[in-house]
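Content type mmCIF, N, CA and C atoms, from the file query_17.cif:
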```
data_entry
loop_
_atom_site.label_atom_id
_atom_site.label_comp_id
_atom_site.auth_asym_id
_atom_site.auth_seq_id
_atom_site.Cartn_x
_atom_site.Cartn_y
_atom_site.Cartn_z
N MET A 450 -26.49 32.88 -5.04
CA MET A 450 -27.26 31.67 -4.86
C MET A 450 -26.87 30.63 -5.89
N LYS A 451 -26.59 31.09 -7.12
CA LYS A 451 -26.22 30.19 -8.19
C LYS A 451 -24.92 29.45 -7.84
N TYR A 452 -23.97 30.15 -7.23
CA TYR A 452 -22.69 29.54 -6.87
C TYR A 452 -22.85 28.51 -5.74
N VAL A 453 -23.76 28.76 -4.83
CA VAL A 453 -24.00 27.83 -3.73
C VAL A 453 -24.58 26.53 -4.28
N ALA A 454 -25.52 26.65 -5.21
CA ALA A 454 -26.11 25.46 -5.83
C ALA A 454 -25.06 24.67 -6.59
N TRP A 455 -24.23 25.38 -7.34
CA TRP A 455 -23.16 24.72 -8.12
C TRP A 455 -22.19 24.00 -7.19
N ALA A 456 -21.82 24.64 -6.07
CA ALA A 456 -20.92 24.03 -5.10
C ALA A 456 -21.55 22.77 -4.50
N GLY A 457 -22.86 22.81 -4.24
CA GLY A 457 -23.56 21.64 -3.71
C GLY A 457 -23.55 20.48 -4.68
N VAL A 458 -23.75 20.77 -5.96
CA VAL A 458 -23.72 19.72 -6.99
C VAL A 458 -22.32 19.11 -7.07
N MET A 459 -21.29 19.95 -7.09
CA MET A 459 -19.91 19.46 -7.19
C MET A 459 -19.54 18.61 -5.97
N LEU A 460 -19.92 19.06 -4.78
CA LEU A 460 -19.65 18.30 -3.58
C LEU A 460 -20.34 16.94 -3.62
N GLY A 461 -21.58 16.92 -4.08
CA GLY A 461 -22.31 15.66 -4.22
C GLY A 461 -21.61 14.70 -5.17
N LEU A 462 -21.10 15.22 -6.29
CA LEU A 462 -20.38 14.38 -7.24
C LEU A 462 -19.10 13.83 -6.63
N LEU A 463 -18.38 14.67 -5.91
CA LEU A 463 -17.13 14.23 -5.29
C LEU A 463 -17.37 13.14 -4.26
N LEU A 464 -18.45 13.25 -3.52
CA LEU A 464 -18.74 12.26 -2.49
C LEU A 464 -19.27 10.96 -3.10
N ALA A 465 -19.92 11.04 -4.24
CA ALA A 465 -20.51 9.86 -4.85
C ALA A 465 -19.52 9.05 -5.67
N VAL A 466 -18.50 9.68 -6.22
CA VAL A 466 -17.54 9.00 -7.07
C VAL A 466 -16.44 8.40 -6.21
N PRO A 467 -16.15 7.09 -6.33
CA PRO A 467 -15.08 6.50 -5.52
C PRO A 467 -13.73 7.06 -5.95
N THR A 468 -12.85 7.18 -4.98
CA THR A 468 -11.50 7.65 -5.30
C THR A 468 -10.75 6.56 -6.04
N ALA A 469 -9.63 6.91 -6.65
CA ALA A 469 -8.80 5.93 -7.35
C ALA A 469 -8.33 4.85 -6.40
N VAL A 470 -8.04 5.23 -5.16
CA VAL A 470 -7.58 4.25 -4.18
C VAL A 470 -8.68 3.25 -3.88
N GLU A 471 -9.92 3.72 -3.69
CA GLU A 471 -11.02 2.81 -3.41
C GLU A 471 -11.29 1.90 -4.59
N ALA A 472 -11.20 2.42 -5.79
CA ALA A 472 -11.43 1.62 -6.98
C ALA A 472 -10.40 0.51 -7.09
N GLN A 473 -9.14 0.80 -6.78
CA GLN A 473 -8.11 -0.23 -6.87
C GLN A 473 -8.25 -1.24 -5.73
N GLU A 474 -8.67 -0.80 -4.56
CA GLU A 474 -8.85 -1.73 -3.45
C GLU A 474 -9.90 -2.77 -3.78
N ASP A 475 -10.91 -2.41 -4.55
CA ASP A 475 -11.94 -3.35 -4.92
C ASP A 475 -11.41 -4.46 -5.81
N ARG A 476 -10.29 -4.23 -6.50
CA ARG A 476 -9.74 -5.23 -7.39
C ARG A 476 -9.07 -6.37 -6.63
N LEU A 477 -8.69 -6.13 -5.39
CA LEU A 477 -8.00 -7.13 -4.60
C LEU A 477 -9.00 -8.16 -4.09
N THR A 478 -8.63 -9.42 -4.15
CA THR A 478 -9.54 -10.48 -3.71
C THR A 478 -9.75 -10.41 -2.20
N LYS A 479 -10.79 -11.07 -1.74
CA LYS A 479 -11.09 -11.09 -0.31
C LYS A 479 -10.04 -11.87 0.47
N SER A 480 -9.22 -12.67 -0.19
CA SER A 480 -8.22 -13.47 0.50
C SER A 480 -6.95 -12.67 0.81
N VAL A 481 -6.90 -11.41 0.37
CA VAL A 481 -5.77 -10.53 0.64
C VAL A 481 -6.31 -9.21 1.20
N ARG A 482 -5.73 -8.76 2.30
CA ARG A 482 -6.15 -7.50 2.90
C ARG A 482 -4.94 -6.62 3.15
N LEU A 483 -4.91 -5.47 2.49
CA LEU A 483 -3.88 -4.47 2.73
C LEU A 483 -4.39 -3.56 3.83
N LEU A 484 -3.62 -3.43 4.90
CA LEU A 484 -4.03 -2.65 6.06
C LEU A 484 -3.32 -1.30 6.06
N SER A 485 -3.77 -0.41 6.92
CA SER A 485 -3.17 0.92 7.01
C SER A 485 -1.80 0.85 7.70
N ASN A 486 -0.88 1.62 7.17
CA ASN A 486 0.46 1.67 7.79
C ASN A 486 0.38 2.33 9.16
N TYR A 487 1.35 2.04 9.98
CA TYR A 487 1.40 2.68 11.29
C TYR A 487 2.84 2.97 11.66
N PRO A 488 3.13 4.07 12.29
CA PRO A 488 2.19 5.16 12.50
C PRO A 488 1.90 5.88 11.19
N ASN A 489 0.80 6.57 11.14
CA ASN A 489 0.44 7.37 9.98
C ASN A 489 -0.34 8.59 10.48
N PRO A 490 0.18 9.77 10.31
CA PRO A 490 1.42 10.14 9.63
C PRO A 490 2.66 9.74 10.44
N PHE A 491 3.81 9.70 9.76
CA PHE A 491 5.04 9.31 10.42
C PHE A 491 6.17 10.25 10.03
N LYS A 492 7.24 10.22 10.84
CA LYS A 492 8.38 11.11 10.59
C LYS A 492 9.53 10.39 9.92
N SER A 493 9.91 9.20 10.40
CA SER A 493 11.12 8.60 9.86
C SER A 493 10.95 7.16 9.38
N GLU A 494 10.03 6.41 9.93
CA GLU A 494 9.85 5.03 9.50
C GLU A 494 8.43 4.58 9.76
N THR A 495 8.01 3.54 9.03
CA THR A 495 6.64 3.04 9.17
C THR A 495 6.59 1.55 8.87
N THR A 496 5.55 0.92 9.35
CA THR A 496 5.29 -0.50 9.10
C THR A 496 3.99 -0.61 8.32
N ILE A 497 4.00 -1.48 7.30
CA ILE A 497 2.83 -1.67 6.45
C ILE A 497 2.36 -3.12 6.58
N PRO A 498 1.29 -3.37 7.31
CA PRO A 498 0.81 -4.74 7.47
C PRO A 498 -0.16 -5.17 6.36
N PHE A 499 -0.19 -6.47 6.11
CA PHE A 499 -1.18 -7.05 5.21
C PHE A 499 -1.44 -8.48 5.65
N GLU A 500 -2.57 -9.02 5.21
CA GLU A 500 -2.97 -10.37 5.59
C GLU A 500 -3.28 -11.19 4.35
N LEU A 501 -2.86 -12.45 4.38
CA LEU A 501 -3.13 -13.40 3.30
C LEU A 501 -3.85 -14.61 3.90
N ASP A 502 -4.93 -15.04 3.27
CA ASP A 502 -5.64 -16.23 3.73
C ASP A 502 -4.86 -17.49 3.39
N GLN A 503 -5.04 -18.50 4.21
CA GLN A 503 -4.33 -19.75 4.02
C GLN A 503 -4.64 -20.39 2.66
N GLY A 504 -5.83 -20.12 2.12
CA GLY A 504 -6.20 -20.70 0.83
C GLY A 504 -5.26 -20.33 -0.31
N LEU A 505 -4.57 -19.20 -0.19
CA LEU A 505 -3.60 -18.81 -1.22
C LEU A 505 -2.41 -19.76 -1.29
N PHE A 506 -2.20 -20.53 -0.22
CA PHE A 506 -1.02 -21.40 -0.13
C PHE A 506 -1.35 -22.86 -0.39
N GLU A 507 -2.59 -23.13 -0.83
CA GLU A 507 -3.01 -24.51 -1.07
C GLU A 507 -2.21 -25.15 -2.20
N ASN A 508 -2.06 -26.46 -2.11
CA ASN A 508 -1.36 -27.26 -3.13
C ASN A 508 0.07 -26.78 -3.36
N GLY A 509 0.70 -26.28 -2.31
CA GLY A 509 2.10 -25.86 -2.41
C GLY A 509 2.32 -24.54 -3.13
N HIS A 510 1.25 -23.83 -3.45
CA HIS A 510 1.39 -22.53 -4.13
C HIS A 510 2.03 -21.53 -3.19
N ARG A 511 2.99 -20.78 -3.70
CA ARG A 511 3.63 -19.70 -2.96
C ARG A 511 3.31 -18.39 -3.68
N PRO A 512 2.42 -17.57 -3.11
CA PRO A 512 2.06 -16.32 -3.78
C PRO A 512 3.26 -15.40 -3.96
N VAL A 513 3.31 -14.76 -5.12
CA VAL A 513 4.37 -13.80 -5.42
C VAL A 513 3.88 -12.43 -4.97
N VAL A 514 4.64 -11.81 -4.06
CA VAL A 514 4.21 -10.56 -3.44
C VAL A 514 5.24 -9.47 -3.73
N SER A 515 4.75 -8.32 -4.16
CA SER A 515 5.59 -7.13 -4.36
C SER A 515 4.92 -5.96 -3.68
N MET A 516 5.73 -5.03 -3.20
CA MET A 516 5.20 -3.81 -2.62
C MET A 516 6.08 -2.66 -3.06
N ARG A 517 5.43 -1.55 -3.42
CA ARG A 517 6.16 -0.37 -3.88
C ARG A 517 5.53 0.87 -3.26
N ILE A 518 6.36 1.91 -3.12
CA ILE A 518 5.89 3.18 -2.60
C ILE A 518 6.13 4.23 -3.66
N TYR A 519 5.10 5.02 -3.97
CA TYR A 519 5.16 6.04 -5.01
C TYR A 519 4.83 7.41 -4.41
N ASN A 520 5.37 8.46 -5.04
CA ASN A 520 4.96 9.81 -4.67
C ASN A 520 3.70 10.17 -5.46
N VAL A 521 3.19 11.38 -5.28
CA VAL A 521 1.95 11.77 -5.94
C VAL A 521 2.11 11.95 -7.45
N LEU A 522 3.35 11.98 -7.93
CA LEU A 522 3.60 12.05 -9.37
C LEU A 522 3.76 10.67 -9.98
N ALA A 523 3.45 9.63 -9.20
CA ALA A 523 3.55 8.22 -9.62
C ALA A 523 4.99 7.80 -9.90
N GLN A 524 5.94 8.43 -9.25
CA GLN A 524 7.35 8.05 -9.37
C GLN A 524 7.69 7.08 -8.25
N LEU A 525 8.40 6.01 -8.59
CA LEU A 525 8.81 5.04 -7.58
C LEU A 525 9.74 5.70 -6.58
N VAL A 526 9.40 5.60 -5.30
CA VAL A 526 10.19 6.22 -4.24
C VAL A 526 10.96 5.17 -3.45
N ALA A 527 10.33 4.02 -3.19
CA ALA A 527 10.98 3.00 -2.37
C ALA A 527 10.35 1.64 -2.56
N VAL A 528 11.10 0.62 -2.19
CA VAL A 528 10.60 -0.75 -2.10
C VAL A 528 10.82 -1.17 -0.65
N PRO A 529 9.74 -1.35 0.11
CA PRO A 529 9.91 -1.70 1.53
C PRO A 529 10.53 -3.08 1.69
N LEU A 530 11.02 -3.33 2.90
CA LEU A 530 11.65 -4.61 3.24
C LEU A 530 10.67 -5.48 4.00
N SER A 531 10.82 -6.78 3.85
CA SER A 531 10.03 -7.72 4.61
C SER A 531 10.47 -7.65 6.07
N THR A 532 9.52 -7.43 6.95
CA THR A 532 9.85 -7.36 8.37
C THR A 532 10.35 -8.73 8.82
N GLY A 533 11.45 -8.75 9.48
CA GLY A 533 12.03 -10.01 9.95
C GLY A 533 13.20 -10.44 9.11
N SER A 534 12.98 -10.63 7.81
CA SER A 534 14.06 -11.11 6.94
C SER A 534 14.87 -9.98 6.33
N GLY A 535 14.27 -8.79 6.18
CA GLY A 535 14.98 -7.67 5.58
C GLY A 535 15.14 -7.77 4.08
N VAL A 536 14.42 -8.69 3.45
CA VAL A 536 14.48 -8.88 2.00
C VAL A 536 13.52 -7.90 1.34
N PRO A 537 13.94 -7.21 0.27
CA PRO A 537 13.03 -6.28 -0.41
C PRO A 537 11.80 -7.00 -0.98
N PHE A 538 10.66 -6.34 -0.89
CA PHE A 538 9.42 -6.90 -1.42
C PHE A 538 9.36 -6.70 -2.92
N THR A 539 10.21 -7.39 -3.63
CA THR A 539 10.21 -7.38 -5.09
C THR A 539 10.03 -8.81 -5.56
N GLU A 540 8.82 -9.16 -5.96
CA GLU A 540 8.47 -10.50 -6.40
C GLU A 540 8.97 -11.56 -5.42
N LEU A 541 8.65 -11.35 -4.18
CA LEU A 541 9.03 -12.23 -3.09
C LEU A 541 8.01 -13.36 -2.99
N LYS A 542 8.46 -14.62 -3.00
CA LYS A 542 7.56 -15.76 -2.86
C LYS A 542 7.43 -16.07 -1.38
N LEU A 543 6.21 -15.89 -0.87
CA LEU A 543 5.99 -16.10 0.55
C LEU A 543 5.57 -17.53 0.84
N THR A 544 5.88 -17.98 2.04
CA THR A 544 5.41 -19.27 2.53
C THR A 544 4.44 -19.00 3.68
N TRP A 545 3.56 -19.95 3.94
CA TRP A 545 2.57 -19.80 5.01
C TRP A 545 3.31 -19.70 6.35
N ASN A 546 3.00 -18.68 7.12
CA ASN A 546 3.69 -18.47 8.39
C ASN A 546 2.86 -18.91 9.60
N GLY A 547 1.71 -19.50 9.36
CA GLY A 547 0.87 -19.98 10.44
C GLY A 547 -0.21 -19.00 10.87
N THR A 548 -0.05 -17.71 10.58
CA THR A 548 -1.06 -16.72 10.98
C THR A 548 -1.66 -15.98 9.79
N GLY A 549 -0.91 -15.86 8.71
CA GLY A 549 -1.37 -15.09 7.56
C GLY A 549 -1.09 -13.61 7.67
N ARG A 550 -0.48 -13.19 8.77
CA ARG A 550 -0.15 -11.77 8.96
C ARG A 550 1.30 -11.54 8.56
N TYR A 551 1.48 -10.55 7.69
CA TYR A 551 2.81 -10.19 7.20
C TYR A 551 2.95 -8.68 7.30
N SER A 552 4.18 -8.20 7.25
CA SER A 552 4.35 -6.75 7.26
C SER A 552 5.63 -6.37 6.52
N ALA A 553 5.61 -5.14 6.06
CA ALA A 553 6.76 -4.55 5.38
C ALA A 553 7.22 -3.36 6.19
N TYR A 554 8.48 -3.01 6.03
CA TYR A 554 9.07 -1.90 6.78
C TYR A 554 9.69 -0.92 5.79
N TRP A 555 9.40 0.36 5.98
CA TRP A 555 10.05 1.41 5.17
C TRP A 555 10.73 2.37 6.13
N ASN A 556 12.02 2.60 5.88
CA ASN A 556 12.81 3.49 6.74
C ASN A 556 12.64 4.96 6.37
N GLY A 557 11.77 5.26 5.43
CA GLY A 557 11.50 6.64 5.04
C GLY A 557 12.52 7.24 4.09
N LYS A 558 13.43 6.41 3.58
CA LYS A 558 14.48 6.89 2.68
C LYS A 558 14.09 6.66 1.22
N ILE A 559 14.60 7.54 0.36
CA ILE A 559 14.40 7.42 -1.07
C ILE A 559 15.25 6.25 -1.58
N LEU A 560 14.69 5.45 -2.48
CA LEU A 560 15.36 4.28 -3.04
C LEU A 560 16.75 4.61 -3.57
N GLY A 561 17.76 3.88 -3.11
CA GLY A 561 19.12 4.04 -3.60
C GLY A 561 19.86 5.24 -3.06
N THR A 562 19.29 5.94 -2.08
CA THR A 562 19.95 7.11 -1.51
C THR A 562 19.89 7.02 0.01
N ASP A 563 20.53 7.97 0.64
CA ASP A 563 20.46 8.07 2.10
C ASP A 563 19.57 9.26 2.51
N ARG A 564 18.86 9.80 1.53
CA ARG A 564 17.99 10.96 1.73
C ARG A 564 16.61 10.54 2.21
N GLY A 565 16.09 11.25 3.20
CA GLY A 565 14.74 10.99 3.67
C GLY A 565 13.71 11.51 2.69
N ALA A 566 12.56 10.89 2.67
CA ALA A 566 11.48 11.32 1.79
C ALA A 566 10.97 12.68 2.24
N ALA A 567 10.60 13.50 1.29
CA ALA A 567 10.05 14.83 1.58
C ALA A 567 8.69 14.68 2.24
N PRO A 568 8.31 15.64 3.07
CA PRO A 568 6.97 15.60 3.66
C PRO A 568 5.91 15.61 2.56
N GLY A 569 4.85 14.86 2.77
CA GLY A 569 3.76 14.83 1.80
C GLY A 569 3.05 13.51 1.81
N VAL A 570 2.20 13.33 0.82
CA VAL A 570 1.39 12.13 0.69
C VAL A 570 2.09 11.16 -0.26
N TYR A 571 2.11 9.90 0.12
CA TYR A 571 2.68 8.83 -0.69
C TYR A 571 1.65 7.72 -0.82
N VAL A 572 1.79 6.90 -1.83
CA VAL A 572 0.89 5.79 -2.07
C VAL A 572 1.69 4.50 -2.01
N TYR A 573 1.21 3.53 -1.25
CA TYR A 573 1.87 2.23 -1.27
C TYR A 573 0.97 1.22 -1.94
N GLN A 574 1.59 0.37 -2.74
CA GLN A 574 0.88 -0.58 -3.58
C GLN A 574 1.32 -1.99 -3.24
N LEU A 575 0.37 -2.87 -2.99
CA LEU A 575 0.62 -4.28 -2.74
C LEU A 575 0.15 -5.07 -3.95
N ILE A 576 1.01 -5.92 -4.47
CA ILE A 576 0.64 -6.79 -5.59
C ILE A 576 0.84 -8.23 -5.13
N VAL A 577 -0.24 -9.02 -5.17
CA VAL A 577 -0.18 -10.43 -4.81
C VAL A 577 -0.65 -11.22 -6.02
N ASP A 578 0.28 -12.00 -6.59
CA ASP A 578 0.04 -12.68 -7.86
C ASP A 578 -0.40 -11.63 -8.88
N ASP A 579 -1.66 -11.64 -9.32
CA ASP A 579 -2.08 -10.66 -10.31
C ASP A 579 -3.00 -9.57 -9.74
N ASP A 580 -3.29 -9.63 -8.45
CA ASP A 580 -4.17 -8.65 -7.82
C ASP A 580 -3.35 -7.53 -7.19
N GLN A 581 -3.93 -6.34 -7.12
CA GLN A 581 -3.21 -5.22 -6.51
C GLN A 581 -4.17 -4.35 -5.71
N SER A 582 -3.59 -3.63 -4.75
CA SER A 582 -4.34 -2.70 -3.92
C SER A 582 -3.42 -1.57 -3.51
N THR A 583 -3.98 -0.39 -3.26
CA THR A 583 -3.18 0.76 -2.84
C THR A 583 -3.84 1.44 -1.66
N LYS A 584 -3.00 2.11 -0.89
CA LYS A 584 -3.45 2.96 0.21
C LYS A 584 -2.52 4.15 0.28
N ARG A 585 -2.97 5.18 1.01
CA ARG A 585 -2.17 6.40 1.15
C ARG A 585 -1.53 6.46 2.54
N MET A 586 -0.38 7.15 2.58
CA MET A 586 0.29 7.44 3.84
C MET A 586 0.86 8.85 3.78
N THR A 587 1.15 9.40 4.93
CA THR A 587 1.65 10.77 5.00
C THR A 587 2.97 10.83 5.75
N VAL A 588 3.95 11.51 5.16
CA VAL A 588 5.23 11.76 5.80
C VAL A 588 5.21 13.20 6.31
N VAL A 589 5.57 13.38 7.58
CA VAL A 589 5.67 14.72 8.16
C VAL A 589 7.08 14.92 8.68
N LYS A 590 7.47 16.15 8.83
CA LYS A 590 8.82 16.46 9.37
C LYS A 590 8.72 17.31 10.57
#
```

The structure given in the file should be rewritten as structure tokens.
Amino acid sequence: MKYVAWAGVMLGLLLAVPTAVEAQEDRLTKSVRLLSNYPNPFKSETTIPFELDQGLFENGHRPVVSMRIYNVLAQLVAVPLSTGSGVPFTELKLTWNGTGRYSAYWNGKILGTDRGAAPGVYVYQLIVDDDQSTKRMTVVK
């Protein structure tokens, strides 16, 4: 009985405490929304959408956007490409596209190699100016 009570307390704590991903998502302003990648889980490639409000582009401002993909050991695995232009999302200055919808593409390969990422959980991070947000994705084989 003692173990059941202890398990109930631990489960309650786990459910009440926000995950690291949720805590980081709260840091991102309401004018930026990082969406879930699709497909997820995926085998060979995925698309990562995000949205930026038009207010970020006021007075000629061009937000600086970076995106990175990390493994569970926090090691950099990849830098996705901007869908359409194929430019890596490394401090990319975006212009207003009329809709505010943007996306990144990851071919599932490890940065600088032709090797596919191992099956498992990965974290993708979006940084817009000084704000950041993260979400999880799963690679399956």

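Our summary of the geometry notes that CA of Val526 in chain A is positioned 20.9 Å from CA of Val513 in chain A.
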
Determine the residue membership of the PyMOL selection byres ((chain A and resi 567) around 6.5) for the file above and supply it as a list in words.
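Here the PyMOL selection byres ((chain A and resi 567) around 6.5) matches Gly565, Ala566, Pro568, Gly569, Val588 and Val589 of chain A.
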
Step by step, work through what the PyMOL selection byres ((chain A and resi 485) around 7) selects in the shown file, and finish by giving those residues as a count of residues only.
7

Kindly resolve the PyMOL selection byres (((chain A and resi 519-522 and name CA) around 12) and name CA) on the present coordinates and return the residues as a ChimeraX atom specification.
/A:516-518,523-529,557,559-560,566-575,583-588

What gap, in Å, lies between CA of Asp502 in chain A and CA of Ser480 in chain A?
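These atoms are spaced 5.0 Å apart.
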
Return as an MDAnalysis selection string the full set of residues in range 453-586 of chain A whose backbone-based DSSP assignment is helix (DSSP H, G or I).
chainID A and resid 453:465 469:474 503:509

Under the rule that only C-alpha atoms are counted, which of A:Gly509, A:Asn556, A:Thr562, A:Arg550 is the nearest residue to Arg482 in chain A?
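Answer, going by the shortest atom-to-atom distance: A:Arg550.
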
How many Å separate CA of Leu505 in chain A from CA of Thr539 in chain A?
18.3 Å

Of the listed residues A:Phe538, A:Lys590, A:Pro512, A:Leu501, that which approaches Tyr551 in chain A most closely, counting only N, CA and C atoms:
A:Leu501

A:Lys492, A:Arg511, A:Lys558, A:Lys479: which is nearest Trp545 in chain A, counting only C-alpha atoms?
A:Arg511

As JSON, please: the centre and edge lengths in Å, to one decimal, of an axis-aligned box enclosing every listed atom of range 479-494 of chain A with 5 Å added on each side.
```
{"center_x": 0.0, "center_y": -1.2, "center_z": 5.4, "size_x": 32.2, "size_y": 34.6, "size_z": 24.2}
```

From the DSSP assignment of the backbone, select every residue of range 462-560 of chain A that is strand (DSSP E or B), and format the answer as an mmCIF file with N, CA and C atoms, in the frame of the given file.
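What landed in selection.cif:
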```cif
data_model
loop_
_atom_site.group_PDB
_atom_site.id
_atom_site.type_symbol
_atom_site.label_atom_id
_atom_site.label_comp_id
_atom_site.auth_asym_id
_atom_site.auth_seq_id
_atom_site.Cartn_x
_atom_site.Cartn_y
_atom_site.Cartn_z
ATOM 1 N N VAL A 481 -6.900 -11.410 0.370
ATOM 2 C CA VAL A 481 -5.770 -10.530 0.640
ATOM 3 C C VAL A 481 -6.310 -9.210 1.200
ATOM 4 N N ARG A 482 -5.730 -8.760 2.300
ATOM 5 C CA ARG A 482 -6.150 -7.500 2.900
ATOM 6 C C ARG A 482 -4.940 -6.620 3.150
ATOM 7 N N LEU A 483 -4.910 -5.470 2.490
ATOM 8 C CA LEU A 483 -3.880 -4.470 2.730
ATOM 9 C C LEU A 483 -4.390 -3.560 3.830
ATOM 10 N N TYR A 487 1.350 2.040 9.980
ATOM 11 C CA TYR A 487 1.400 2.680 11.290
ATOM 12 C C TYR A 487 2.840 2.970 11.660
ATOM 13 N N PHE A 491 3.810 9.700 9.760
ATOM 14 C CA PHE A 491 5.040 9.310 10.420
ATOM 15 C C PHE A 491 6.170 10.250 10.030
ATOM 16 N N THR A 495 8.010 3.540 9.030
ATOM 17 C CA THR A 495 6.640 3.040 9.170
ATOM 18 C C THR A 495 6.590 1.550 8.870
ATOM 19 N N THR A 496 5.550 0.920 9.350
ATOM 20 C CA THR A 496 5.290 -0.500 9.100
ATOM 21 C C THR A 496 3.990 -0.610 8.320
ATOM 22 N N ILE A 497 4.000 -1.480 7.300
ATOM 23 C CA ILE A 497 2.830 -1.670 6.450
ATOM 24 C C ILE A 497 2.360 -3.120 6.580
ATOM 25 N N PRO A 498 1.290 -3.370 7.310
ATOM 26 C CA PRO A 498 0.810 -4.740 7.470
ATOM 27 C C PRO A 498 -0.160 -5.170 6.360
ATOM 28 N N PHE A 499 -0.190 -6.470 6.110
ATOM 29 C CA PHE A 499 -1.180 -7.050 5.210
ATOM 30 C C PHE A 499 -1.440 -8.480 5.650
ATOM 31 N N GLU A 500 -2.570 -9.020 5.210
ATOM 32 C CA GLU A 500 -2.970 -10.370 5.590
ATOM 33 C C GLU A 500 -3.280 -11.190 4.350
ATOM 34 N N LEU A 501 -2.860 -12.450 4.380
ATOM 35 C CA LEU A 501 -3.130 -13.400 3.300
ATOM 36 C C LEU A 501 -3.850 -14.610 3.900
ATOM 37 N N VAL A 513 3.310 -14.760 -5.120
ATOM 38 C CA VAL A 513 4.370 -13.800 -5.420
ATOM 39 C C VAL A 513 3.880 -12.430 -4.970
ATOM 40 N N VAL A 514 4.640 -11.810 -4.060
ATOM 41 C CA VAL A 514 4.210 -10.560 -3.440
ATOM 42 C C VAL A 514 5.240 -9.470 -3.730
ATOM 43 N N SER A 515 4.750 -8.320 -4.160
ATOM 44 C CA SER A 515 5.590 -7.130 -4.360
ATOM 45 C C SER A 515 4.920 -5.960 -3.680
ATOM 46 N N MET A 516 5.730 -5.030 -3.200
ATOM 47 C CA MET A 516 5.200 -3.810 -2.620
ATOM 48 C C MET A 516 6.080 -2.660 -3.060
ATOM 49 N N ARG A 517 5.430 -1.550 -3.420
ATOM 50 C CA ARG A 517 6.160 -0.370 -3.880
ATOM 51 C C ARG A 517 5.530 0.870 -3.260
ATOM 52 N N ILE A 518 6.360 1.910 -3.120
ATOM 53 C CA ILE A 518 5.890 3.180 -2.600
ATOM 54 C C ILE A 518 6.130 4.230 -3.660
ATOM 55 N N TYR A 519 5.100 5.020 -3.970
ATOM 56 C CA TYR A 519 5.160 6.040 -5.010
ATOM 57 C C TYR A 519 4.830 7.410 -4.410
ATOM 58 N N LEU A 525 8.400 6.010 -8.590
ATOM 59 C CA LEU A 525 8.810 5.040 -7.580
ATOM 60 C C LEU A 525 9.740 5.700 -6.580
ATOM 61 N N VAL A 526 9.400 5.600 -5.300
ATOM 62 C CA VAL A 526 10.190 6.220 -4.240
ATOM 63 C C VAL A 526 10.960 5.170 -3.450
ATOM 64 N N ALA A 527 10.330 4.020 -3.190
ATOM 65 C CA ALA A 527 10.980 3.000 -2.370
ATOM 66 C C ALA A 527 10.350 1.640 -2.560
ATOM 67 N N LEU A 530 11.020 -3.330 2.900
ATOM 68 C CA LEU A 530 11.650 -4.610 3.240
ATOM 69 C C LEU A 530 10.670 -5.480 4.000
ATOM 70 N N SER A 531 10.820 -6.780 3.850
ATOM 71 C CA SER A 531 10.030 -7.720 4.610
ATOM 72 C C SER A 531 10.470 -7.650 6.070
ATOM 73 N N PRO A 537 13.940 -7.210 0.270
ATOM 74 C CA PRO A 537 13.030 -6.280 -0.410
ATOM 75 C C PRO A 537 11.800 -7.000 -0.980
ATOM 76 N N LEU A 541 8.650 -11.350 -4.180
ATOM 77 C CA LEU A 541 9.030 -12.230 -3.090
ATOM 78 C C LEU A 541 8.010 -13.360 -2.990
ATOM 79 N N LYS A 542 8.460 -14.620 -3.000
ATOM 80 C CA LYS A 542 7.560 -15.760 -2.860
ATOM 81 C C LYS A 542 7.430 -16.070 -1.380
ATOM 82 N N ARG A 550 -0.480 -13.190 8.770
ATOM 83 C CA ARG A 550 -0.150 -11.770 8.960
ATOM 84 C C ARG A 550 1.300 -11.540 8.560
ATOM 85 N N TYR A 551 1.480 -10.550 7.690
ATOM 86 C CA TYR A 551 2.810 -10.190 7.200
ATOM 87 C C TYR A 551 2.950 -8.680 7.300
ATOM 88 N N SER A 552 4.180 -8.200 7.250
ATOM 89 C CA SER A 552 4.350 -6.750 7.260
ATOM 90 C C SER A 552 5.630 -6.370 6.520
ATOM 91 N N ALA A 553 5.610 -5.140 6.060
ATOM 92 C CA ALA A 553 6.760 -4.550 5.380
ATOM 93 C C ALA A 553 7.220 -3.360 6.190
ATOM 94 N N TYR A 554 8.480 -3.010 6.030
ATOM 95 C CA TYR A 554 9.070 -1.900 6.780
ATOM 96 C C TYR A 554 9.690 -0.920 5.790
ATOM 97 N N TRP A 555 9.400 0.360 5.980
ATOM 98 C CA TRP A 555 10.050 1.410 5.170
ATOM 99 C C TRP A 555 10.730 2.370 6.130
ATOM 100 N N LYS A 558 13.430 6.410 3.580
ATOM 101 C CA LYS A 558 14.480 6.890 2.680
ATOM 102 C C LYS A 558 14.090 6.660 1.220
#
```
